[in-house]
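J.: I'd like to ask you about the structure that follows.
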Amino acid sequence: MKGFPAAAHETLQNAQLRRNLGKATTTIRAKRLRAVGELPDWEALRDAGAAIKARAMATLPEQLERLEESVTRAGGTVHWARDGAEANAIVAQVARAHGSREVIKVKSLATDEIGLNDALAEQGISAIETDLAELILQLSNDKTTHILVPAIHRNRMEIRALFEQTIAKGEQLGDEASAIAEAARKHLRAKFLSVPVAVSGANFGVAETGTVAVVESEGNGRMCTTLPDVLVTVMGIEKILPEWRDLEVFLQLLPRSSTAERMNPYTSLWTGVRPGDGPQEFHLILLDGGRTNVLADEVGRQALHCIRCSACLNSCPVYSRVGGQAYESVYPGPIGAVLSPQLFGLDVHPTLPWASSLCGACYDVCPVKIEIPSLLVHLRGRVVREQKRRFSGERAAMATVASVFASRARFERAQKLARLGRGPIAKAMLPGWTAMRELPDPPKETFREWWRERSG
Amino acid sequence: MSARADVLARIRGALEPAVAVPEVPREYRGPGAAGETGSAVIVDRFCERVAEYQATVTRVSAAELREAVASLCRGRGAQRIAVPPGGPDVLAGVEVVVDEPPLSPQALDQLDGVLTGCALAIAETGTIVLDGGQRSGRRALTLVPDWHMCIVEASAVVAGVPDAVAALAGAAAEGRPITLVSGPSATSDIELDRVEGVHGPRTLDVIVVSA
């Protein structure tokens, strides 16, 4: 890991990326405002969404056991995985049991997070990404920059050029986005009709009924969850909703926050196995993968409420300039800055909690009201406390300030020093800061001096 | 220790000391609060919103249904249309292929289109809901063909998402697969702009039948 400052420094050199990202996020912000403004009860939906998630987390063992029971009753098989390696091994085992060298995949952040594609490749199984943006990344060996639209940094001309060199070799696709989409359709149709095993993630898993939901646009999700003989779903344990009824909240919050539509084109809801309709074998893998560590942090656990809509990315002034790759995680943007350090370790991502100006735009748009700015501040504190060797400069400065504030004599001496120190000393000590800013003048007389003179 | 026992133990440990379980405030518009199922204003809103997704909407009376379907088939130059077993019997002038025994994915891919009904429809979001029942057919039927004609009874148009989720509780409890369809297949992956037509049916024609 380079760390956020170094990685952001690199991505900021890419003018094309900034142009593409700026255009896309500006458009989607305006659209989201319209989609959200149309609902008179948006704030009430947010309140309900936040409470449902908090309730689900507070009762998580019970809810997971309910989900396991409902899915099993409906003919599915439930597996538990402590970490990514265990989950990957289960997927590989299912694919091998069916003699399949290929699996088709619905876009899934959970499987990106655990490196499923590479793990399957090591077992001689190729994972075929079927989401358009994931396909673009897979064909160009590129990395994700956005939760919802992983190839948001590539514009249509770049995508067209890529397809003309790969899946549509020798064709002239034209500049229309629909021609690009058509090329992907032709390329993947044969796979949908023939590959026997599919892998998906889950947007929601309903404990009460055992129903799993995948929310999507293109129809690749429907293809993968309908046509193959076998379906394996990798679901983070935090994706659980206690009651069927809870979907009435999230099926309104998610599409309007993510693609800024009244509703996404397709939502698939399935419960175990349905005889004569869809896959006749269903495996649900419940993944911990660091989530219980997040849950153990009383403040930080709110990050588990995230429904991966990406509204916080689109609204973030930092994200929209540096792009997703600066965050060096499958979860970029404001939510990534609070989720990645907790999920993968503060030592792996010690700089991410500082990747924000704390402006609060992320909280305003969050459909489940995650207090991202408060979490960032909380995690900054944890990094300083727990990562002792790092940030020693800041630790030393803070320790000095604490000692000065703890004693009246030291505080008054420091105030005198500040009057003397302004100018050359301050400029020498804060070179980067004072190059761009005026250092405020200290008052000629402090309150304490004034008080003593007045009463004496 | 099994992975199951381990994960559950870690969760219980993470939730110590006991975490408060909040009540869920449901002050939003619940079932019945956003308008009356099948009322004129709700059906109008549904038609308007489906059309905004680049789907076509045809409004007919029960007596006009057969001709409306025939006219859509002529317009699209369709010859072979699939229907679910026990599904709508209103096709004329085309070869009707009944999905019984179930058609293979390859056979579905050779059809010109599919005609089904649906479980219900949602006005606020312009959504049709398929529930794997007799009207909707199994999932592959409305997925593989490139053209989906869907008949919506005006009396089955509900106002909002909460009305639909409440009406579908029984289907979910029975384990029926449920698919929400809002317009034809689309993607937002190219410059975050909605473009119609990727893997699902690229053409969606909705026929709303009033009694």
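By order in the structure tokens, chains are A, B, ...; within a chain, residues start at 1; ligands start at 1, following the order shown.
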For the structure I just gave you, how does DSSP split stretch 226-447 of chain A - specifically, which residues are alpha helix (DSSP H)? Reply as an MDAnalysis selection string.
T.: chainID A and resid 226 247:258 291:295 311:315 319:322 333:344 361:365 372:386 392:406 408:421 424:429 431:436 447
J.: Quick one: residues within 10 Å of A:Ile372, only C-alpha atoms counted, chain neighbours fewer than 6 positions away excluded, as number ranges by chain?
T.: A: 300, 302-303, 312, 334-339, 353, 356, 358, 360-364, 366, 378
J.: So that I can see what lies close to stretch 138-149 of chain A, please list as a compact mmCIF listing (two decimals) with C-alpha atoms, in the first residue's frame the residues with an atom at most 6 Å from it, counting only C-alpha atoms and leaving out residues fewer than 4 positions away in the same chain.
T.:
# COMPACT_ATOMS: atom_id res chain seq x y z
CA SER A 310 -22.39 4.93 -3.75
CA GLY A 324 -11.39 5.51 -6.54
CA GLN A 325 -7.95 4.02 -7.10
CA ASP B 189 -22.06 1.74 -16.81
J.: DSSP says strand (DSSP E or B) for which residues of stretch 94-340 of chain A? Put them as a ChimeraX atom specification?
T.: /A:102-105,126-129,197-200,204-206,211-216,230-236,240-241,266-271,274,277,281-287
J.: How would the residues just picked look written out with C-alpha atoms as an mmCIF file, in the first residue's frame?
T.:
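Generated file (selection-v2.cif):
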data_model
loop_
_atom_site.group_PDB
_atom_site.id
_atom_site.type_symbol
_atom_site.label_atom_id
_atom_site.label_comp_id
_atom_site.auth_asym_id
_atom_site.auth_seq_id
_atom_site.Cartn_x
_atom_site.Cartn_y
_atom_site.Cartn_z
ATOM 1 C CA GLU A 102 -16.045 -21.822 -15.883
ATOM 2 C CA VAL A 103 -18.424 -19.862 -13.683
ATOM 3 C CA ILE A 104 -20.456 -16.820 -14.699
ATOM 4 C CA LYS A 105 -20.531 -13.990 -12.191
ATOM 5 C CA SER A 126 -12.178 -19.131 -14.892
ATOM 6 C CA ALA A 127 -14.657 -16.612 -13.535
ATOM 7 C CA ILE A 128 -16.444 -14.674 -16.255
ATOM 8 C CA GLU A 129 -17.634 -11.224 -15.166
ATOM 9 C CA VAL A 197 -22.520 -22.646 -12.374
ATOM 10 C CA ALA A 198 -23.082 -19.004 -11.428
ATOM 11 C CA VAL A 199 -21.768 -16.906 -8.551
ATOM 12 C CA SER A 200 -23.534 -13.839 -7.177
ATOM 13 C CA PHE A 204 -30.288 -8.254 0.921
ATOM 14 C CA GLY A 205 -31.039 -11.542 2.634
ATOM 15 C CA VAL A 206 -34.365 -11.695 4.461
ATOM 16 C CA THR A 211 -35.306 -14.648 0.333
ATOM 17 C CA VAL A 212 -32.140 -13.286 -1.289
ATOM 18 C CA ALA A 213 -32.243 -10.138 -3.437
ATOM 19 C CA VAL A 214 -30.025 -8.948 -6.270
ATOM 20 C CA VAL A 215 -30.674 -5.428 -7.536
ATOM 21 C CA GLU A 216 -29.324 -4.686 -11.027
ATOM 22 C CA VAL A 230 -26.237 -24.239 -9.742
ATOM 23 C CA LEU A 231 -26.119 -20.858 -8.006
ATOM 24 C CA VAL A 232 -23.637 -19.896 -5.285
ATOM 25 C CA THR A 233 -24.270 -16.623 -3.449
ATOM 26 C CA VAL A 234 -21.612 -14.985 -1.294
ATOM 27 C CA MET A 235 -23.281 -12.717 1.253
ATOM 28 C CA GLY A 236 -21.584 -10.598 3.910
ATOM 29 C CA ILE A 240 -29.327 -9.346 6.515
ATOM 30 C CA LEU A 241 -32.789 -7.821 6.921
ATOM 31 C CA TYR A 266 -34.433 -5.574 -12.540
ATOM 32 C CA THR A 267 -34.667 -6.879 -8.993
ATOM 33 C CA SER A 268 -34.490 -10.654 -8.531
ATOM 34 C CA LEU A 269 -35.803 -12.184 -5.308
ATOM 35 C CA TRP A 270 -35.445 -15.918 -4.828
ATOM 36 C CA THR A 271 -35.958 -18.287 -1.938
ATOM 37 C CA ARG A 274 -37.984 -23.549 -6.849
ATOM 38 C CA ASP A 277 -37.854 -22.702 -12.201
ATOM 39 C CA GLU A 281 -29.072 -26.291 -6.459
ATOM 40 C CA PHE A 282 -28.488 -23.200 -4.313
ATOM 41 C CA HIS A 283 -25.625 -22.471 -1.943
ATOM 42 C CA LEU A 284 -25.587 -19.452 0.355
ATOM 43 C CA ILE A 285 -22.196 -18.593 1.878
ATOM 44 C CA LEU A 286 -22.385 -16.341 4.946
ATOM 45 C CA LEU A 287 -19.105 -14.431 5.088
#
J.: For B:Ala92, please output as a PDB file with N, CA and C atoms, in the first residue's frame all residues within 9 Å (counting only C-alpha atoms; exclusion window: fewer than 4 positions along the same chain).
T.:
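File written: out_30.pdb
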ATOM      1  N   ARG B  66     -57.321  -8.520 -27.686  1.00  0.00           N
ATOM      2  CA  ARG B  66     -56.844  -9.424 -28.735  1.00  0.00           C
ATOM      3  C   ARG B  66     -56.274  -8.625 -29.916  1.00  0.00           C
ATOM      4  N   GLU B  67     -56.993  -7.597 -30.326  1.00  0.00           N
ATOM      5  CA  GLU B  67     -56.545  -6.809 -31.460  1.00  0.00           C
ATOM      6  C   GLU B  67     -55.276  -6.016 -31.115  1.00  0.00           C
ATOM      7  N   VAL B  69     -52.878  -6.900 -29.063  1.00  0.00           N
ATOM      8  CA  VAL B  69     -51.738  -7.821 -29.096  1.00  0.00           C
ATOM      9  C   VAL B  69     -51.365  -8.136 -30.536  1.00  0.00           C
ATOM     10  N   ALA B  70     -52.373  -8.408 -31.363  1.00  0.00           N
ATOM     11  CA  ALA B  70     -52.113  -8.719 -32.774  1.00  0.00           C
ATOM     12  C   ALA B  70     -51.405  -7.558 -33.450  1.00  0.00           C
ATOM     13  N   VAL B  96     -48.103 -19.878 -31.726  1.00  0.00           N
ATOM     14  CA  VAL B  96     -48.053 -19.788 -30.267  1.00  0.00           C
ATOM     15  C   VAL B  96     -47.275 -20.984 -29.721  1.00  0.00           C
TER      16      VAL B  96
END
J.: If you count only C-alpha atoms, which residues fall within 7 Å of A:Gly290, apart from same-chain ones fewer than 2 positions away, as a compact mmCIF listing (two decimals) with C-alpha atoms, in the first residue's frame?
T.:
# COMPACT_ATOMS: atom_id res chain seq x y z
CA ASP A 288 -17.50 -12.85 8.15
CA THR A 292 -17.14 -9.09 13.35
CA ASN A 293 -14.13 -6.83 14.02
CA VAL A 294 -16.13 -3.89 12.69
CA LEU A 343 -12.41 -4.46 7.63
CA PHE A 344 -8.84 -4.98 6.46
J.: Of the candidates B:Val50, B:Val181, B:Ile42, B:Leu72, which shows the shortest atom-to-atom distance to chain A, using only C-alpha atoms?
T.: B:Val181
J.: Looking at only C-alpha atoms, which of A:Thr77, A:Gln280, A:Ser217, A:Ser407 is the one that sits closest to chain B?
T.: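 Using only C-alpha atoms, the shortest distance to chain B belongs to A:Ser217.
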J.: Just the residues within 6 Å of A:Val368, please, counting only C-alpha atoms, with nothing from its chain fewer than 4 positions along; format it as a list in words.
T.: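 With the cut-off at 6 Å, the set is Arg46, Gly49 and Ala50 of chain A.
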J.: Quick one: distance from atom CA of A:Leu116 to atom CA of A:Leu352 in Å, one decimal?
T.: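 Between atom CA of A:Leu116 and atom CA of A:Leu352 the gap works out to 24.4 Å.
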J.: Write out as a ChimeraX atom specification which residues come within 8 Å of A:Ile307 when counting only C-alpha atoms, dropping same-chain ones fewer than 2 positions away.
T.: /A:203,239,254,305,309,368
J.: Which of these residues is nearest to chain B, using only C-alpha atoms: A:Tyr331, A:Phe4, A:Phe250, A:Trp451?
T.: A:Phe250
J.: Point out the residue among A:Gly219, A:Pro373, A:Gly272, A:Pro367 with the least atom-to-atom distance to B:Pro184, counting only C-alpha atoms.
T.: A:Gly219
J.: At what distance in Å, to one decimal, does atom CA of A:Pro242 lie from atom CA of A:Ala207?
T.: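 Atom-to-atom, atom CA of A:Ala207 and atom CA of A:Pro242 are spaced 5.0 Å apart.
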